[in-house]
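Enquirer: Pasting a structure below so you can have a look.
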Amino acid sequence: TIRPVRRSYYDPSSAPGKGVVWEWENDSGTWTPYDMDVGITIQRAYEKQHPWVDLSAIGFCYVIDFATMGQINRQTQRKRRVRRRLDMVYPLVSGTLPKSHLPAWPRHPEPQPPAAPGHRPVPRAHRLRVSPTARQPQRAWAEEGMAWTLPPPRRTEGLQPPLRGSVTPEPGERHLGGPQPPVEGWRALLGPSPSPQVPGDRSGDGSLLAPPRVPTVPVKNLTGSSPVNPALAGITGILMSAAGLPVCLTRPPKLVLHPPPVSKSEIQAIPGISHSCRKTTKKQAKKGKTPEEVLKKYLQKVRHPPDEDCTICMERLSAPSGYKGPQPAVKPDLVGKLVKCSHVFHLHCLVAMYNNGNKDGSLQCPTCKTIYGVKTGTQPPGKMEYHIIPHALPGHADCKTIRIIYNIPPGVQGPEHPNPGKSFTARGFPRHCYLPDSEKGRKVLKLLLVAWDRRLIFAIGTSSTTGESDTVIWNEIHHKTEFGSNLTGHGYPDINYLDNVLAELAAQGITEESLVQEKD
């Protein structure tokens, strides 16, 4: 096999040029180096003596804390050690860089707007007339990773209103005026203006903030969690500054995982729900019936099988079952139909599927996921607390907040888990989750309590975030773990969340009918 390779060049002042490599400690206790672009970002913040650096701007949900030399997962709060090595100096080379490594942008410090046909170019001195107060944010952006947004258009008589979707700054934001010519220069570039400049378009020191007839560029969602959005904002800001247009800088939103501190006297019980804590201690008792006896309740025998495949073994229903594992005490050529959804399978295959599952007396159709009986899970022992706190969630200002606290300790896997007898980890506990204290929010909480009692909230498996195996993971019922923001997608506002989680609970067999069953 032949694969292409490439050679990368780095500036001697960069992290690889200085021989600096940042590494994180993996689960086996050995050290793994960060990707080169991640290491360069960490080293840049380290050299500027920042206390920490947030890697979400380059697509990773981690924070590097230089005080403790640790990596913190922003979603699970799991911590790992990091270290800085100084023994990996790259060899120096001399000569001309290949074309593929030459910078694509000209390195001229002062972009020059082109002159309009028939007019002389704007003098250099005029192009550099920028408000001194406007240069302060530019330095802060380079050091602190600010996001670019656009300023509101200056109102002048005869101008069109701003385009829909244009970004306007919040009160207190600072303006960065790119290289801006005076009014005479703009008239030379843009042609005669039909309207005079509006009074008040100058800063406190008399310098020009924005010329007349500045176009408003619609740029949407510059503060999202995706790394593409800051990049789009930066490119837009560079282009606008190069054209002499003013640019407004604002800090990106902060991650707010938890509410303000709440005293015990402010915590309230939830009306209509008894107690404020639920515990699970051990696996629910199994039904004292054989698999064949369980399936009889949900099946009808089919004497003349249809001419189609069994979706479990993929053999024709008219032929014997193709299952090759431990043989159940059922003839391989018998066929049955599930009474609710009418899907048809070999009885042999259904018994084998039941034996490989939780064996709790329930059955789930492998084709349409219809649940027969009461489905339970394999959640390890733990505690669920719930109460009301006097703070509102974004998008739910008219009500207080229901806070749920899950706490599951590490332990040893039981016979229902993937690796019986092996220990499992429980990262990120206690986990705090939030619901609005509304009618629908309380309904979701009641159903989550049923899911907790049935051991369906968590499971033991492999984490999709860290790749760690034999650890406690969420089990297909999404929770909101971000209180005052929505940078990770696990926060508010989210107008569809309550409906979505009700659908996920229904997929686990938990509906309003389940509340009646639990009372019975």
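Labels for the structure tokens follow display order: chains A, B, ..., residues from 1 in each chain, ligands from 1.
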Would you kindly return, as a PyMOL selection string, each protein, DNA or RNA residue with an atom no farther than 9 Å from any atom of Thr41 (chain A), considering only C-alpha atoms and excluding same-chain residues fewer than 5 positions away?

Expert: chain A and resi 15+36+46+53+55+58

Enquirer: Would you mind exporting all heavy atoms of the selected residues as a CSV table (one decimal), in the first residue's frame?

Expert:
chain,number,residue,atom,x,y,z
A,15,ALA,N,5.5,26.9,19.0
A,15,ALA,CA,5.7,25.8,20.0
A,15,ALA,C,6.6,24.7,19.4
A,15,ALA,O,7.6,24.3,20.0
A,15,ALA,CB,4.4,25.2,20.5
A,36,MET,N,-0.8,19.0,16.7
A,36,MET,CA,0.1,20.2,16.7
A,36,MET,C,-0.6,21.5,16.8
A,36,MET,O,-0.2,22.4,17.5
A,36,MET,CB,0.9,20.1,15.3
A,36,MET,CG,2.0,21.1,15.3
A,36,MET,SD,3.3,20.7,16.5
A,36,MET,CE,4.0,19.2,15.8
A,46,TYR,N,0.0,29.9,27.3
A,46,TYR,CA,0.9,29.7,28.4
A,46,TYR,C,2.0,30.8,28.4
A,46,TYR,O,2.3,31.3,29.4
A,46,TYR,CB,1.5,28.3,28.2
A,46,TYR,CG,2.6,28.0,29.3
A,46,TYR,CD1,2.1,27.4,30.5
A,46,TYR,CD2,3.9,28.1,29.1
A,46,TYR,CE1,3.1,27.1,31.5
A,46,TYR,CE2,4.8,27.8,30.1
A,46,TYR,CZ,4.4,27.3,31.3
A,46,TYR,OH,5.3,27.0,32.2
A,53,VAL,N,-6.8,28.2,29.3
A,53,VAL,CA,-7.2,28.4,27.9
A,53,VAL,C,-8.4,27.5,27.6
A,53,VAL,O,-8.4,26.3,28.0
A,53,VAL,CB,-6.0,28.2,27.0
A,53,VAL,CG1,-5.5,26.8,27.1
A,53,VAL,CG2,-6.4,28.4,25.5
A,55,LEU,N,-10.4,25.5,24.8
A,55,LEU,CA,-10.2,25.0,23.5
A,55,LEU,C,-11.4,24.9,22.6
A,55,LEU,O,-11.3,24.3,21.6
A,55,LEU,CB,-9.5,23.6,23.6
A,55,LEU,CG,-8.1,23.6,24.4
A,55,LEU,CD1,-7.6,22.1,24.4
A,55,LEU,CD2,-7.1,24.5,23.8
A,58,ILE,N,-11.4,26.0,18.9
A,58,ILE,CA,-10.8,25.1,17.9
A,58,ILE,C,-11.5,23.8,17.8
A,58,ILE,O,-11.0,22.8,17.3
A,58,ILE,CB,-9.3,25.0,18.0
A,58,ILE,CG1,-9.0,24.4,19.4
A,58,ILE,CG2,-8.6,26.3,17.8
A,58,ILE,CD1,-7.4,24.2,19.6

Enquirer: Residues of region 321-433 of chain A that approach region 249-271 of chain A to 10 Å or less, counting only C-alpha atoms: could you list each one with the shortest pair of atoms and its distance in Å to one decimal, rows by chain and increasing residue number, as JSON lines?

Expert:
{"residue": "A:Tyr386", "atom": "CA", "partner": "A:Ile270", "partner_atom": "CA", "distance": 7.9}
{"residue": "A:His387", "atom": "CA", "partner": "A:Ala269", "partner_atom": "CA", "distance": 5.2}
{"residue": "A:Ile388", "atom": "CA", "partner": "A:Gln268", "partner_atom": "CA", "distance": 5.0}
{"residue": "A:Ile389", "atom": "CA", "partner": "A:Ile267", "partner_atom": "CA", "distance": 5.2}
{"residue": "A:Pro390", "atom": "CA", "partner": "A:Glu266", "partner_atom": "CA", "distance": 6.8}
{"residue": "A:His391", "atom": "CA", "partner": "A:Pro259", "partner_atom": "CA", "distance": 7.2}
{"residue": "A:Ala392", "atom": "CA", "partner": "A:Pro259", "partner_atom": "CA", "distance": 9.0}
{"residue": "A:Leu393", "atom": "CA", "partner": "A:Pro259", "partner_atom": "CA", "distance": 9.0}
{"residue": "A:Thr401", "atom": "CA", "partner": "A:Pro259", "partner_atom": "CA", "distance": 9.7}
{"residue": "A:Ile402", "atom": "CA", "partner": "A:Ile270", "partner_atom": "CA", "distance": 8.1}
{"residue": "A:Arg403", "atom": "CA", "partner": "A:Ile267", "partner_atom": "CA", "distance": 9.7}
{"residue": "A:His432", "atom": "CA", "partner": "A:His258", "partner_atom": "CA", "distance": 7.9}
{"residue": "A:Cys433", "atom": "CA", "partner": "A:His258", "partner_atom": "CA", "distance": 9.2}

Enquirer: Got time to write the residues from that selection, N, CA, C and O atoms, as a PDB file, in the first residue's frame?

Expert:
ATOM      1  N   TYR A 386     -34.204  15.876  43.725  1.00  0.00           N
ATOM      2  CA  TYR A 386     -34.925  16.846  42.886  1.00  0.00           C
ATOM      3  C   TYR A 386     -35.626  17.852  43.793  1.00  0.00           C
ATOM      4  O   TYR A 386     -36.172  17.522  44.843  1.00  0.00           O
ATOM      5  N   HIS A 387     -35.582  19.128  43.379  1.00  0.00           N
ATOM      6  CA  HIS A 387     -36.192  20.205  44.145  1.00  0.00           C
ATOM      7  C   HIS A 387     -36.279  21.445  43.263  1.00  0.00           C
ATOM      8  O   HIS A 387     -35.766  21.460  42.134  1.00  0.00           O
ATOM      9  N   ILE A 388     -36.890  22.490  43.781  1.00  0.00           N
ATOM     10  CA  ILE A 388     -37.057  23.751  43.061  1.00  0.00           C
ATOM     11  C   ILE A 388     -36.074  24.770  43.616  1.00  0.00           C
ATOM     12  O   ILE A 388     -35.910  24.905  44.828  1.00  0.00           O
ATOM     13  N   ILE A 389     -35.409  25.502  42.699  1.00  0.00           N
ATOM     14  CA  ILE A 389     -34.516  26.592  43.104  1.00  0.00           C
ATOM     15  C   ILE A 389     -35.072  27.904  42.534  1.00  0.00           C
ATOM     16  O   ILE A 389     -35.715  27.909  41.477  1.00  0.00           O
ATOM     17  N   PRO A 390     -34.828  29.040  43.195  1.00  0.00           N
ATOM     18  CA  PRO A 390     -35.472  30.302  42.813  1.00  0.00           C
ATOM     19  C   PRO A 390     -34.756  31.050  41.695  1.00  0.00           C
ATOM     20  O   PRO A 390     -34.501  32.255  41.800  1.00  0.00           O
ATOM     21  N   HIS A 391     -34.401  30.367  40.634  1.00  0.00           N
ATOM     22  CA  HIS A 391     -33.757  31.009  39.493  1.00  0.00           C
ATOM     23  C   HIS A 391     -34.433  30.521  38.219  1.00  0.00           C
ATOM     24  O   HIS A 391     -34.903  29.377  38.151  1.00  0.00           O
ATOM     25  N   ALA A 392     -34.481  31.380  37.214  1.00  0.00           N
ATOM     26  CA  ALA A 392     -35.149  31.044  35.955  1.00  0.00           C
ATOM     27  C   ALA A 392     -34.137  30.623  34.904  1.00  0.00           C
ATOM     28  O   ALA A 392     -33.005  31.121  34.858  1.00  0.00           O
ATOM     29  N   LEU A 393     -34.542  29.693  34.061  1.00  0.00           N
ATOM     30  CA  LEU A 393     -33.718  29.256  32.939  1.00  0.00           C
ATOM     31  C   LEU A 393     -33.884  30.203  31.760  1.00  0.00           C
ATOM     32  O   LEU A 393     -34.949  30.802  31.584  1.00  0.00           O
ATOM     33  N   THR A 401     -36.980  26.978  38.570  1.00  0.00           N
ATOM     34  CA  THR A 401     -36.252  25.868  37.937  1.00  0.00           C
ATOM     35  C   THR A 401     -36.284  24.621  38.814  1.00  0.00           C
ATOM     36  O   THR A 401     -36.121  24.704  40.037  1.00  0.00           O
ATOM     37  N   ILE A 402     -36.503  23.484  38.175  1.00  0.00           N
ATOM     38  CA  ILE A 402     -36.374  22.188  38.842  1.00  0.00           C
ATOM     39  C   ILE A 402     -34.940  21.701  38.639  1.00  0.00           C
ATOM     40  O   ILE A 402     -34.473  21.579  37.502  1.00  0.00           O
ATOM     41  N   ARG A 403     -34.262  21.456  39.738  1.00  0.00           N
ATOM     42  CA  ARG A 403     -32.893  20.935  39.652  1.00  0.00           C
ATOM     43  C   ARG A 403     -32.890  19.455  40.045  1.00  0.00           C
ATOM     44  O   ARG A 403     -33.435  19.076  41.081  1.00  0.00           O
ATOM     45  N   HIS A 432     -25.651  17.533  37.593  1.00  0.00           N
ATOM     46  CA  HIS A 432     -26.767  18.440  37.818  1.00  0.00           C
ATOM     47  C   HIS A 432     -27.516  18.655  36.504  1.00  0.00           C
ATOM     48  O   HIS A 432     -26.900  18.974  35.478  1.00  0.00           O
ATOM     49  N   CYS A 433     -28.827  18.516  36.538  1.00  0.00           N
ATOM     50  CA  CYS A 433     -29.671  18.691  35.356  1.00  0.00           C
ATOM     51  C   CYS A 433     -30.814  19.650  35.706  1.00  0.00           C
ATOM     52  O   CYS A 433     -31.186  19.787  36.878  1.00  0.00           O
TER      53      CYS A 433
END

Enquirer: Identify which of the residues A:Leu487, A:Ala503, A:Cys365, A:Ile457 lies closest to Gly59 (chain A), counting only C-alpha atoms when measuring atom-to-atom distances.

Expert: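 Closest to Gly59 (chain A) of all the choices is A:Leu487.
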
Enquirer: Of the residues A:Gly19, A:Gly489, A:Pro320, A:Ser14, which is the one nearest to Ala45 (chain A), using only C-alpha atoms?

Expert: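 Ranked by minimum distance to Ala45 (chain A), first place goes to A:Ser14.
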
Enquirer: Let me make sure I understand: among A:Tyr354, A:Ser276, A:Tyr372, A:Pro33, which one has the smallest atom-to-atom distance to Cys341 (chain A) if we use only C-alpha atoms?

Expert: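 The closest residue to Cys341 (chain A) is A:Tyr372.
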